[in-house]
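For reference, the structure is listed below as structure tokens.
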Amino acid sequence: MTMIPLLFLGSFNLIVINISEIQDSSSIKGLIYTFEGIAFMIGSFVVKLITKKWKTTVILFFFASMVAVAEFMLYFADNIVITLAAFAVLGFSLGCFFPTAMVIFQKQMPKAYHGRFFHSEICWKESCSKLSY
């Protein structure tokens with residue numbers, strides 16, 4: 001599920017460069033990063049309120065869909081207002097999506113792995129012992 005927003009986020013800089021070329025403006029890059037960053041911070045705070053009313057899976061699917069809406073809004077990349085709105089929607093959606101996804105990882109992982117999500121030795125031993133069955 002986390003791959004959907006990551007695919008869009010991975011090509012983020014290329015999209016910003018292309019939009020800058022489409023609009024023939026280098027100043028749009030800074031505006032895009034500003035709108036996306038501020039919306040991301042707002043989304044990461046608002047998600048606390050949303051989690052009180054919605055289930056985790058509903059939050060993930062809704063905001064993954066909102067990332068898709070932001071991508072579709074970029075069809076009108078020649079319009080500066082729609083472009084900035086698209087990146088604001090993207091930032092807000094990712095600000096809500098990623099903290100929620102990390103909570104799922106923390107709840108579903110065994111307690112022994114908490115704080116060691118990327119600790120290779122423990123993960124390697126566990127994965128090898130599971131393969132030996």
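By order in the structure tokens, chains are A, B, ...; within a chain, residues start at 1; ligands start at 1, following the order shown.
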Legend entry - Residues near segment 36-47 of chain A, cut-off 9 Å, only C-alpha atoms, skip fewer than 3 positions along chain, as a PyMOL selection string: chain A and resi 31-33+50-52+59+84-100
Could you give me, as a PDB file with C-alpha atoms, in the first residue's frame, the residues within 7 Å of Ile19 of chain A, counting only C-alpha atoms and dropping anything in the same chain fewer than 4 positions from it?
ATOM      1  CA  ILE A  15       7.863  16.445 -12.090  1.00  0.00           C
ATOM      2  CA  GLN A  23       5.276  27.112 -17.436  1.00  0.00           C
ATOM      3  CA  ALA A  77       0.068  21.673 -15.335  1.00  0.00           C
TER       4      ALA A  77
END
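The two atoms in question, atom CA of Asp78 of chain A and atom CA of Ile22 of chain A, are spaced 6.2 Å apart.
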Inset, instruction - Write out as a ChimeraX atom specification each polymer residue whose atoms come within 12 Å of Asn13 of chain A, counting only C-alpha atoms; drop sequence neighbours fewer than 4 positions from it. - result: /A:8-9,17-20,29-30,32-33
For N, CA and C atoms, I'd like the residues from the last selection saved as a short mmCIF file (atom, residue, chain, number, x, y, z; two decimals), in the first residue's frame.
data_model
loop_
_atom_site.label_atom_id
_atom_site.label_comp_id
_atom_site.auth_asym_id
_atom_site.auth_seq_id
_atom_site.Cartn_x
_atom_site.Cartn_y
_atom_site.Cartn_z
N PHE A 8 4.99 8.11 -6.67
CA PHE A 8 4.81 9.51 -7.04
C PHE A 8 5.88 10.37 -6.39
N LEU A 9 6.19 10.09 -5.14
CA LEU A 9 7.18 10.88 -4.41
C LEU A 9 8.58 10.68 -4.97
N ILE A 17 10.64 19.80 -12.16
CA ILE A 17 11.45 20.34 -13.27
C ILE A 17 10.62 20.45 -14.54
N ASN A 18 9.84 19.41 -14.84
CA ASN A 18 9.00 19.45 -16.04
C ASN A 18 7.94 20.54 -15.96
N ILE A 19 7.35 20.72 -14.80
CA ILE A 19 6.35 21.79 -14.65
C ILE A 19 7.00 23.16 -14.83
N SER A 20 8.22 23.30 -14.33
CA SER A 20 8.95 24.54 -14.50
C SER A 20 9.19 24.82 -15.98
N LYS A 29 9.26 26.52 -9.03
CA LYS A 29 9.85 25.43 -8.24
C LYS A 29 9.77 25.72 -6.75
N GLY A 30 10.16 26.91 -6.36
CA GLY A 30 10.11 27.28 -4.95
C GLY A 30 8.70 27.31 -4.41
N ILE A 32 6.16 25.52 -5.53
CA ILE A 32 5.68 24.14 -5.43
C ILE A 32 6.20 23.49 -4.16
N TYR A 33 7.50 23.62 -3.91
CA TYR A 33 8.08 23.04 -2.69
C TYR A 33 7.47 23.65 -1.43
#
Would you list, as a tab-separated table (two decimals) with N, CA and C atoms, in the first residue's frame, the residues of segment 11-66 of chain A that end up in alpha helix (DSSP H) under DSSP run on this structure's backbone?
chain	number	residue	atom	x	y	z
A	12	PHE	N	9.26	13.04	-7.78
A	12	PHE	CA	8.81	14.39	-7.42
A	12	PHE	C	9.67	15.47	-8.06
A	13	ASN	N	10.99	15.35	-7.94
A	13	ASN	CA	11.87	16.39	-8.48
A	13	ASN	C	11.77	16.47	-9.99
A	14	LEU	N	11.63	15.33	-10.66
A	14	LEU	CA	11.49	15.35	-12.12
A	14	LEU	C	10.19	16.04	-12.54
A	15	ILE	N	9.14	15.81	-11.79
A	15	ILE	CA	7.86	16.44	-12.09
A	15	ILE	C	7.97	17.95	-11.91
A	16	VAL	N	8.62	18.37	-10.85
A	16	VAL	CA	8.79	19.81	-10.59
A	16	VAL	C	9.60	20.46	-11.71
A	17	ILE	N	10.64	19.80	-12.16
A	17	ILE	CA	11.45	20.34	-13.27
A	17	ILE	C	10.62	20.45	-14.54
A	18	ASN	N	9.84	19.41	-14.84
A	18	ASN	CA	9.00	19.45	-16.04
A	18	ASN	C	7.94	20.54	-15.96
A	19	ILE	N	7.35	20.72	-14.80
A	19	ILE	CA	6.35	21.79	-14.65
A	19	ILE	C	7.00	23.16	-14.83
A	20	SER	N	8.22	23.30	-14.33
A	20	SER	CA	8.95	24.54	-14.50
A	20	SER	C	9.19	24.82	-15.98
A	21	GLU	N	9.48	23.78	-16.74
A	21	GLU	CA	9.69	23.94	-18.18
A	21	GLU	C	8.37	24.23	-18.91
A	22	ILE	N	7.30	23.57	-18.49
A	22	ILE	CA	5.99	23.79	-19.13
A	22	ILE	C	5.55	25.23	-18.94
A	23	GLN	N	5.72	25.75	-17.73
A	23	GLN	CA	5.28	27.11	-17.44
A	23	GLN	C	6.34	28.16	-17.76
A	27	SER	N	10.77	30.22	-10.97
A	27	SER	CA	10.30	30.57	-9.63
A	27	SER	C	9.17	29.65	-9.17
A	28	ILE	N	8.54	28.93	-10.08
A	28	ILE	CA	7.46	28.02	-9.70
A	28	ILE	C	7.99	26.87	-8.85
A	29	LYS	N	9.26	26.52	-9.03
A	29	LYS	CA	9.85	25.43	-8.24
A	29	LYS	C	9.77	25.72	-6.75
A	30	GLY	N	10.16	26.91	-6.36
A	30	GLY	CA	10.11	27.28	-4.95
A	30	GLY	C	8.70	27.31	-4.41
A	31	LEU	N	7.77	27.79	-5.22
A	31	LEU	CA	6.36	27.82	-4.79
A	31	LEU	C	5.81	26.40	-4.62
A	32	ILE	N	6.16	25.52	-5.53
A	32	ILE	CA	5.68	24.14	-5.43
A	32	ILE	C	6.20	23.49	-4.16
A	33	TYR	N	7.50	23.62	-3.91
A	33	TYR	CA	8.08	23.04	-2.69
A	33	TYR	C	7.47	23.65	-1.43
A	34	THR	N	7.18	24.95	-1.47
A	34	THR	CA	6.58	25.62	-0.31
A	34	THR	C	5.17	25.11	-0.05
A	35	PHE	N	4.35	25.06	-1.09
A	35	PHE	CA	2.97	24.61	-0.92
A	35	PHE	C	2.93	23.16	-0.45
A	36	GLU	N	3.75	22.33	-1.04
A	36	GLU	CA	3.76	20.92	-0.68
A	36	GLU	C	4.26	20.74	0.76
A	37	GLY	N	5.30	21.45	1.13
A	37	GLY	CA	5.86	21.31	2.47
A	37	GLY	C	4.94	21.80	3.57
A	38	ILE	N	4.32	22.95	3.36
A	38	ILE	CA	3.39	23.47	4.37
A	38	ILE	C	2.18	22.56	4.49
A	39	ALA	N	1.66	22.08	3.37
A	39	ALA	CA	0.50	21.17	3.40
A	39	ALA	C	0.88	19.85	4.08
A	40	PHE	N	2.10	19.38	3.88
A	40	PHE	CA	2.56	18.15	4.55
A	40	PHE	C	2.55	18.33	6.06
A	41	MET	N	3.07	19.47	6.53
A	41	MET	CA	3.10	19.72	7.98
A	41	MET	C	1.69	19.84	8.55
A	42	ILE	N	0.81	20.50	7.83
A	42	ILE	CA	-0.58	20.60	8.28
A	42	ILE	C	-1.23	19.22	8.33
A	43	GLY	N	-1.00	18.41	7.30
A	43	GLY	CA	-1.55	17.07	7.26
A	43	GLY	C	-1.06	16.19	8.39
A	44	SER	N	0.21	16.32	8.76
A	44	SER	CA	0.73	15.50	9.85
A	44	SER	C	0.14	15.88	11.20
A	45	PHE	N	-0.32	17.11	11.34
A	45	PHE	CA	-1.02	17.49	12.57
A	45	PHE	C	-2.50	17.11	12.52
A	46	VAL	N	-3.13	17.27	11.37
A	46	VAL	CA	-4.56	16.99	11.23
A	46	VAL	C	-4.85	15.50	11.34
A	47	VAL	N	-3.88	14.66	10.96
A	47	VAL	CA	-4.12	13.21	10.99
A	47	VAL	C	-4.42	12.72	12.41
A	48	LYS	N	-3.93	13.43	13.41
A	48	LYS	CA	-4.26	13.06	14.80
A	48	LYS	C	-5.76	13.19	15.05
A	49	LEU	N	-6.37	14.22	14.51
A	49	LEU	CA	-7.82	14.40	14.67
A	49	LEU	C	-8.59	13.37	13.84
A	50	ILE	N	-8.07	13.07	12.66
A	50	ILE	CA	-8.75	12.14	11.77
A	50	ILE	C	-8.75	10.73	12.35
A	56	THR	N	-7.86	2.98	10.54
A	56	THR	CA	-6.56	3.13	9.90
A	56	THR	C	-6.61	2.77	8.42
A	57	THR	N	-7.28	1.68	8.08
A	57	THR	CA	-7.34	1.27	6.67
A	57	THR	C	-8.10	2.28	5.82
A	58	VAL	N	-9.14	2.88	6.38
A	58	VAL	CA	-9.89	3.90	5.65
A	58	VAL	C	-9.00	5.11	5.39
A	59	ILE	N	-8.21	5.50	6.37
A	59	ILE	CA	-7.29	6.63	6.21
A	59	ILE	C	-6.29	6.34	5.10
A	60	LEU	N	-5.71	5.14	5.11
A	60	LEU	CA	-4.71	4.80	4.10
A	60	LEU	C	-5.30	4.81	2.70
A	61	PHE	N	-6.44	4.16	2.52
A	61	PHE	CA	-7.04	4.10	1.18
A	61	PHE	C	-7.53	5.48	0.72
A	62	PHE	N	-8.09	6.26	1.62
A	62	PHE	CA	-8.58	7.58	1.24
A	62	PHE	C	-7.43	8.48	0.78
A	63	PHE	N	-6.35	8.51	1.57
A	63	PHE	CA	-5.27	9.43	1.22
A	63	PHE	C	-4.41	8.90	0.07
A	64	ALA	N	-4.38	7.59	-0.15
A	64	ALA	CA	-3.75	7.07	-1.37
A	64	ALA	C	-4.57	7.50	-2.58
A	65	SER	N	-5.88	7.52	-2.43
A	65	SER	CA	-6.74	8.00	-3.51
A	65	SER	C	-6.54	9.50	-3.74
A	66	MET	N	-6.32	10.24	-2.67
A	66	MET	CA	-6.08	11.67	-2.82
A	66	MET	C	-4.75	11.95	-3.53
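Atom CA of Asp24 of chain A lies 11.1 Å from atom CA of Ile80 of chain A.
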Legend entry - Computed interatomic separation between atom CA of Ala70 of chain A and atom CA of Gln106 of chain A (Å): 28.0 Å
